[in-house]
Amino acid sequence: MQDEGGNAIKTPYAIGLMVLFFLAIFLWEFPFSKTINKEIPAIVSIADTPYPYDPPEDSEESMTTYTNKPTVIHVQGKISRKLFRKPEFDTQITVDGFNWTTDGRHSMTGPVLSERKDDLNTGGVIYDYETRYSSSDPFEYVKSAMIFFDDDFEQILLSSTTEVWMGEKEPRELLIIGSAANDEEAEQVLRSVREIYPEWNIRTEL
């Protein structure tokens, strides 16, 4: 009779452990996804001299300056984050003023993450020209950019060149900086990125 009572106690205990085990597996694998649909004010900043440039410190005339214009970055898609792991991003990023990002001919891959520090991600985005349009202008075949961004895209920096994004023969530096409605806000984003990733030597002035 004692054995039967002991078994009676052990049975719900074992069931409870099994429930906790499967619950733990479920929570571990559950993606905790959320949809993102943002329009982010941004500044497009383009250098006025081609790469590579290293102006003499004592020559103001040869100093690089930047053309800064407002634009909007659109981020649409899904963000998933499993417990205790890096988030995964299934998003499309387009930028007003660069019509090829919305012409339906480019398929974006990424962001492909390479590093994450202080909740700021860095990696790359690639816009592949779809094969059915491969007979078109070859410079449009693949476009890419380095990207810095936080999980909610409150800060986002795309870094590329005018050769890649605009087809110029002599590449100039191209930065797209958000969230920023003016040059001062854009510089604050640049300083934040530079502070976390000093090794990339991101400029902090527009």
# chains A, B, ... in the order shown; residues from 1 in each chain; ligands from 1
>>> residues_around(residues="A:Glu154", least_positions_apart="5", cutoff="8 Å", atoms="only C-alpha atoms", output="list in words")
Phe149, Gly178 and Ser179 of chain A
>>> residues_around(residues="A:Thr91", least_positions_apart="3", cutoff="8 Å", atoms="only C-alpha atoms", output="PyMOL selection string")
chain A and resi 75-79+110-111
>>> write_last_selection(atoms="all heavy atoms", output="JSON list (two decimals), in the first residue's frame")
[["chain", "number", "residue", "atom", "x", "y", "z"],
["A", 75, "VAL", "N", 11.39, 50.92, -43.49],
["A", 75, "VAL", "CA", 11.73, 49.58, -43.01],
["A", 75, "VAL", "C", 10.44, 48.81, -42.80],
["A", 75, "VAL", "O", 9.57, 49.22, -42.00],
["A", 75, "VAL", "CB", 12.54, 49.62, -41.70],
["A", 75, "VAL", "CG1", 12.89, 48.20, -41.25],
["A", 75, "VAL", "CG2", 13.81, 50.46, -41.87],
["A", 76, "GLN", "N", 10.28, 47.71, -43.51],
["A", 76, "GLN", "CA", 9.08, 46.89, -43.40],
["A", 76, "GLN", "C", 9.49, 45.42, -43.26],
["A", 76, "GLN", "O", 10.46, 44.99, -43.89],
["A", 76, "GLN", "CB", 8.18, 47.05, -44.62],
["A", 76, "GLN", "CG", 7.59, 48.43, -44.77],
["A", 76, "GLN", "CD", 6.72, 48.54, -46.01],
["A", 76, "GLN", "OE1", 7.11, 48.11, -47.09],
["A", 76, "GLN", "NE2", 5.54, 49.12, -45.87],
["A", 77, "GLY", "N", 8.76, 44.70, -42.42],
["A", 77, "GLY", "CA", 9.05, 43.27, -42.29],
["A", 77, "GLY", "C", 8.78, 42.75, -40.91],
["A", 77, "GLY", "O", 7.84, 43.18, -40.23],
["A", 78, "LYS", "N", 9.66, 41.86, -40.47],
["A", 78, "LYS", "CA", 9.45, 41.16, -39.21],
["A", 78, "LYS", "C", 10.76, 41.03, -38.45],
["A", 78, "LYS", "O", 11.81, 40.79, -39.04],
["A", 78, "LYS", "CB", 8.86, 39.76, -39.48],
["A", 78, "LYS", "CG", 8.48, 38.97, -38.24],
["A", 78, "LYS", "CD", 7.77, 37.68, -38.62],
["A", 78, "LYS", "CE", 8.69, 36.73, -39.37],
["A", 78, "LYS", "NZ", 8.05, 35.41, -39.62],
["A", 79, "ILE", "N", 10.67, 41.21, -37.14],
["A", 79, "ILE", "CA", 11.81, 41.02, -36.26],
["A", 79, "ILE", "C", 11.48, 39.86, -35.32],
["A", 79, "ILE", "O", 10.43, 39.86, -34.68],
["A", 79, "ILE", "CB", 12.12, 42.29, -35.45],
["A", 79, "ILE", "CG1", 12.36, 43.48, -36.37],
["A", 79, "ILE", "CG2", 13.32, 42.07, -34.54],
["A", 79, "ILE", "CD1", 12.48, 44.80, -35.64],
["A", 110, "GLY", "N", 19.25, 40.52, -46.20],
["A", 110, "GLY", "CA", 19.82, 41.10, -44.98],
["A", 110, "GLY", "C", 18.77, 41.78, -44.14],
["A", 110, "GLY", "O", 17.57, 41.65, -44.40],
["A", 111, "PRO", "N", 19.20, 42.53, -43.15],
["A", 111, "PRO", "CA", 20.61, 42.72, -42.79],
["A", 111, "PRO", "C", 21.28, 41.42, -42.33],
["A", 111, "PRO", "O", 20.71, 40.69, -41.53],
["A", 111, "PRO", "CB", 20.55, 43.72, -41.63],
["A", 111, "PRO", "CG", 19.21, 44.37, -41.72],
["A", 111, "PRO", "CD", 18.31, 43.32, -42.29]]
>>> residues_around(residues="stretch 119-125 of chain A", least_positions_apart="4", cutoff="7 Å", atoms="only C-alpha atoms", output="count of residues only")
15
>>> closest_atom_pairs(of="stretch 73-158 of chain A", to="stretch 35-41 of chain A", cutoff="12 Å", atoms="only C-alpha atoms", output="tab-separated table")
residue	atom	partner	partner_atom	distance
A:Ile73	CA	A:Ile40	CA	4.9
A:His74	CA	A:Glu39	CA	4.7
A:Val75	CA	A:Lys38	CA	5.2
A:Gln76	CA	A:Asn37	CA	4.4
A:Gly77	CA	A:Ile36	CA	5.4
A:Lys78	CA	A:Thr35	CA	4.5
A:Ile79	CA	A:Thr35	CA	6.3
A:Ser80	CA	A:Thr35	CA	8.8
A:Arg81	CA	A:Thr35	CA	11.9
A:Phe89	CA	A:Ile36	CA	9.9
A:Asp90	CA	A:Thr35	CA	9.6
A:Thr91	CA	A:Ile36	CA	8.1
A:Gln92	CA	A:Asn37	CA	9.6
A:Ile93	CA	A:Lys38	CA	9.7
A:Thr94	CA	A:Glu39	CA	9.7
A:Val95	CA	A:Ile40	CA	9.4
A:Asp96	CA	A:Pro41	CA	10.1
A:Asp151	CA	A:Ile36	CA	10.4
A:Asp152	CA	A:Ile36	CA	8.1
A:Phe153	CA	A:Lys38	CA	8.3
A:Glu154	CA	A:Ile40	CA	8.0
A:Gln155	CA	A:Ile40	CA	8.9
A:Ile156	CA	A:Ile40	CA	8.8
A:Leu157	CA	A:Ile40	CA	11.2
>>> write_last_selection(atoms="C-alpha atoms", output="CSV table (one decimal), in the first residue's frame")
chain,number,residue,atom,x,y,z
A,73,ILE,CA,14.2,55.4,-44.9
A,74,HIS,CA,11.4,52.8,-45.0
A,75,VAL,CA,11.7,49.6,-43.0
A,76,GLN,CA,9.1,46.9,-43.4
A,77,GLY,CA,9.0,43.3,-42.3
A,78,LYS,CA,9.4,41.2,-39.2
A,79,ILE,CA,11.8,41.0,-36.3
A,80,SER,CA,12.2,37.7,-34.4
A,81,ARG,CA,14.1,37.2,-31.2
A,89,PHE,CA,15.6,40.4,-39.1
A,90,ASP,CA,13.4,39.7,-42.1
A,91,THR,CA,13.0,43.2,-43.4
A,92,GLN,CA,13.0,45.3,-46.6
A,93,ILE,CA,14.8,48.6,-46.4
A,94,THR,CA,14.2,51.2,-49.1
A,95,VAL,CA,15.3,54.9,-49.3
A,96,ASP,CA,13.4,57.7,-51.0
A,151,ASP,CA,16.8,46.4,-32.9
A,152,ASP,CA,14.0,48.9,-33.3
A,153,PHE,CA,15.7,50.9,-36.0
A,154,GLU,CA,15.6,54.0,-33.9
A,155,GLN,CA,19.1,54.6,-35.2
A,156,ILE,CA,20.2,53.4,-38.6
A,157,LEU,CA,23.3,54.2,-40.7
>>> closest_residue(among="A:Thr161, A:Ser45, A:Thr102, A:Asn201", to="A:Thr71", atoms="only C-alpha atoms")
A:Ser45
>>> residues_around(residues="A:Tyr129", least_positions_apart="5", cutoff="6 Å", atoms="only C-alpha atoms", output="PDB file with N, CA, C and O atoms, in the first residue's frame")
ATOM      1  N   ARG A 105      12.812  45.448 -59.193  1.00  0.00           N
ATOM      2  CA  ARG A 105      13.809  44.633 -59.870  1.00  0.00           C
ATOM      3  C   ARG A 105      14.899  44.135 -58.925  1.00  0.00           C
ATOM      4  O   ARG A 105      15.652  43.240 -59.273  1.00  0.00           O
ATOM      5  N   HIS A 106      15.004  44.750 -57.771  1.00  0.00           N
ATOM      6  CA  HIS A 106      16.035  44.352 -56.809  1.00  0.00           C
ATOM      7  C   HIS A 106      15.410  43.578 -55.639  1.00  0.00           C
ATOM      8  O   HIS A 106      14.351  43.948 -55.135  1.00  0.00           O
ATOM      9  N   TYR A 141      23.433  45.636 -61.298  1.00  0.00           N
ATOM     10  CA  TYR A 141      23.222  44.219 -60.989  1.00  0.00           C
ATOM     11  C   TYR A 141      23.225  43.946 -59.491  1.00  0.00           C
ATOM     12  O   TYR A 141      22.326  43.296 -58.972  1.00  0.00           O
ATOM     13  N   VAL A 142      24.226  44.421 -58.771  1.00  0.00           N
ATOM     14  CA  VAL A 142      24.286  44.210 -57.326  1.00  0.00           C
ATOM     15  C   VAL A 142      24.657  45.529 -56.654  1.00  0.00           C
ATOM     16  O   VAL A 142      25.602  46.190 -57.066  1.00  0.00           O
TER      17      VAL A 142
END
>>> atom_distance(atom1="atom CA of A:Ile43", atom2="atom CA of A:Ala186")
6.6 Å
>>> select_by_dssp(residues="stretch 99-159 of chain A", states="strand (DSSP E)", output="VMD selection string")
chain A and resid 106 to 117 120 to 129 142 to 150 156 to 159
>>> atom_distance(atom1="atom CA of A:Ser107", atom2="atom CA of A:Asp128")
5.2 Å
>>> residues_around(residues="A:Leu206", least_positions_apart="2", cutoff="8 Å", atoms="only C-alpha atoms", output="list in words")
Ser45, Thr65, Tyr66, Asn68, Asp183, Glu187 and Thr204 of chain A
>>> closest_residue(among="A:Thr11, A:Ser192, A:Ser159, A:Thr101", to="A:Arg172", atoms="only C-alpha atoms")
A:Ser159
>>> select_by_dssp(residues="stretch 31-200 of chain A", states="alpha helix (DSSP H)", output="PyMOL selection string")
chain A and resi 162-166+183-196
>>> write_last_selection(atoms="C-alpha atoms", output="PDB file, in the first residue's frame")
ATOM      1  CA  THR A 162      28.033  56.849 -55.110  1.00  0.00           C
ATOM      2  CA  GLU A 163      29.629  54.362 -57.508  1.00  0.00           C
ATOM      3  CA  VAL A 164      27.545  51.531 -56.068  1.00  0.00           C
ATOM      4  CA  TRP A 165      24.290  53.392 -55.385  1.00  0.00           C
ATOM      5  CA  MET A 166      24.341  56.017 -58.147  1.00  0.00           C
ATOM      6  CA  ASP A 183      22.334  67.879 -39.765  1.00  0.00           C
ATOM      7  CA  GLU A 184      22.643  68.189 -35.989  1.00  0.00           C
ATOM      8  CA  GLU A 185      20.576  65.056 -35.356  1.00  0.00           C
ATOM      9  CA  ALA A 186      22.502  63.209 -38.052  1.00  0.00           C
ATOM     10  CA  GLU A 187      25.805  64.109 -36.420  1.00  0.00           C
ATOM     11  CA  GLN A 188      24.500  62.793 -33.096  1.00  0.00           C
ATOM     12  CA  VAL A 189      23.734  59.440 -34.750  1.00  0.00           C
ATOM     13  CA  LEU A 190      27.214  59.380 -36.284  1.00  0.00           C
ATOM     14  CA  ARG A 191      28.818  60.101 -32.917  1.00  0.00           C
ATOM     15  CA  SER A 192      26.813  57.310 -31.290  1.00  0.00           C
ATOM     16  CA  VAL A 193      27.920  54.810 -33.942  1.00  0.00           C
ATOM     17  CA  ARG A 194      31.543  55.990 -33.781  1.00  0.00           C
ATOM     18  CA  GLU A 195      31.559  55.635 -29.977  1.00  0.00           C
ATOM     19  CA  ILE A 196      30.456  51.998 -30.136  1.00  0.00           C
TER      20      ILE A 196
END
